[in-house]
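Written out below as structure tokens is the structure these notes cover.
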Amino acid sequence: IQDGQRLFWTAKDVSATLPARDDGGHKGTFGTALLLASTRDMPGAALMAGLGAMRSGVGKLEIGTDPEVINGVVSALPESIYLREGLRKVGAGEVELERYRAIAAGPGVHPDDVTEKAVQALLASPCPLVLDAGALSMRSYPKRHAPIILTPHPLEFSRITGIVKEDLAENRVFHAVSFAKKWGVAIVLKGNHTIIAFPDGDVRINPTGNAALSKGGTGDTLAGMILGMLCCHDNWRHAVLNAVYLHGACADKWVETRSAHTMLAHEITSLLPEVWKSFE
Ligand code: APR
Ligand code: MG
């Protein structure tokens with residue numbers, strides 16, 4: 001890739017593409033999002049992704065999760081509603097998926113048969129999809145109208161593509177673009193300078209973020225933010241780019257006054273309101 005500078009998604013791009021919140025809107029205007037997250041041994045993922053989504057513009061959020069997870073999430077996120085055993089129900093065809101504006105799956109879940117069955121049902125739906133963490137597996141993707149957005153960190157990218165990690169580390173843009181085109185999906189390849197590759201070969205690099213983000217849970221927050229932004233943006237590419245940008249910008253805000261060692265993933269969403277405002 002020549003002239004990497006031109007690939008950066010910039011502050012100007014963010015300001016030009018963030019949506020206004022329509023004064024005539026009601027919660028239906030901004031859509032209902034479904035988040036399929038957390039098993040009982042990873043209960044916090046649903047909370048962090050849920051906070052990310054609810055702070056990023058959705059009208060309503062439903063969290064499909066293990067019943068044991070719910071009480072812990074409710075105290076910190078009382079605004080959400082719940083779909084008990086969401087993954088199993090989606091996989092069994094018991095959930096009407098058409099009513100969601102967008103769906104995210106994977107934070108805090110295992111890449112097992114229950115998850116794969118649910119993912120196959122999601123892929124057969126007409127909804128924009130975000131697949132993260134446990135919802136990432138080696139598979140092919142159907143041709144579909146609504147976007148599919150994969151959000152792997154490098155190890156997950158290696159797991160789903162078979163590319164060895166040394167090769168990936170040296171050719172991140174090349175591999176992200178190749179697989180985005182081959183599978184017809186968007187790939188958010190995370191890390192310092194996250195790469196966002198689109199199915200038509202277009203690619204952007206995110207300039208924000210720092211090592212304060214190198215801590216468990218920050219990826220869950222990002223998956224939720226992408227989900228929320230998909231609900232309030234008309235253009236899904238802008239939703240993904242702005243979510244990645246603002247997620248990193250929150251970490252940049254943190255290190256202005258606080259040590260990079262100390263940020264917690266759920267604190268990203270406490271910083272988001274002011275950071276987002278600064279681009280409006
Ligand atoms: N500079 C900029 N951004 C960074 C840096 C850095 N040095 N380090 C990490 N980040 C960002 C990434 O770009 C990404 O947005 O922090 C986020 C980390 O996301 P994940 O790697 O998915 O981390 P995590 O939230 O802990 O994942 C939770 O899901 O993906 C699985 O195996 C993972 O079990 C873990 C769980
Ligand atoms: Mg993760």
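By convention in this document, the chains of the structure tokens carry letters A, B, ... by their order, each chain's residues are numbered from 1, and ligands are numbered from 1 in the order they are shown.
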Within 10 Å of ligand 1, counting only C-alpha atoms and all ligand atoms, which protein or nucleic acid residues do you find, written as number ranges by chain?
A: 42, 44-45, 48-49, 106-110, 132-136, 151-156, 188-195, 206-223, 243-245, 247-249, 251-252, 265
Write out as a ChimeraX atom specification which residues come within 10 Å of Leu97 (chain A) when counting only C-alpha atoms, dropping same-chain ones fewer than 6 positions away.
/A:34,90,103,121-122,124-127
With region 4-28 of chain A as the partner and 7 Å as the cut-off, tabulate the residues of region 214-264 of chain A that qualify, each row holding the nearest pair of atoms and their distance in Å to one decimal, using only C-alpha atoms, sorted by chain and rising number, as a Markdown table.
| residue | atom | partner | partner_atom | distance |
| --- | --- | --- | --- | --- |
| A:Cys232 | CA | A:Pro19 | CA | 6.9 |
| A:His233 | CA | A:Pro19 | CA | 6.0 |
| A:His238 | CA | A:Thr17 | CA | 6.5 |
| A:Asn242 | CA | A:Val14 | CA | 6.0 |
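In terms of minimum interatomic distance to Asp113 (chain A), A:Ser137 ranks closest within A:Thr161, A:Ser137, A:Thr269, A:Asn71, counting only C-alpha atoms.
Around Glu94 (chain A), within 12 Å and counting only C-alpha atoms, the residues found are Leu83, Arg84, Glu85, Gly86, Leu87, Arg88, Lys89, Val90, Gly91, Ala92, Glu96, Leu97, Ala118, Ala121 and Leu122 of chain A, once anything fewer than 2 positions away on its own chain is removed.
Within 9 Å of region 167-174 of chain A there are Ile1, Pro154, Phe157, Ser158, Ile163, Val164, Val177, Ser178, Phe179, Leu189, Ile195, Ile196, Ala197, Val203 and Ile205 of chain A, counting only C-alpha atoms and ignoring same-chain residues fewer than 3 positions away.
Taking CA of Val95 (chain A) and CA of Val185 (chain A) as endpoints, the distance between them is 23.9 Å.
With only C-alpha atoms and all ligand atoms as the atoms that count, the minimum distance from ligand 2 to the choices A:Val74, A:Leu129, A:Leu246, A:Ala37 is reached by A:Ala37.
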With DSSP run on the backbone, what are the helix (DSSP H, G or I) residues within region 13-181 of chain A? I'd like them as a PyMOL selection string.
chain A and resi 13-17+44-54+67-76+86-91+97-99+113-123+133-135+154-161+165-170+172-181
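Using only C-alpha atoms and all ligand atoms for every distance, the candidate list A:Thr29, A:Asp41, A:Glu79, A:Gly224 yields A:Gly224 as the residue closest to ligand 2.
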Shortest contact to Val114 (chain A), candidates A:Pro273, A:Thr39, A:Gly201, A:Leu131, atoms counted only C-alpha atoms, goes to A:Thr39
For Gly50 (chain A), please output as a ChimeraX atom specification all residues within 8 Å (counting only C-alpha atoms; exclusion window: fewer than 5 positions along the same chain).
/A:35,61,63,77,80,221,224
From the options A:Pro199, A:Arg139, A:Trp254, A:Ala260, which residue's atoms come nearest to Glu116 (chain A), counting only C-alpha atoms?
A:Arg139
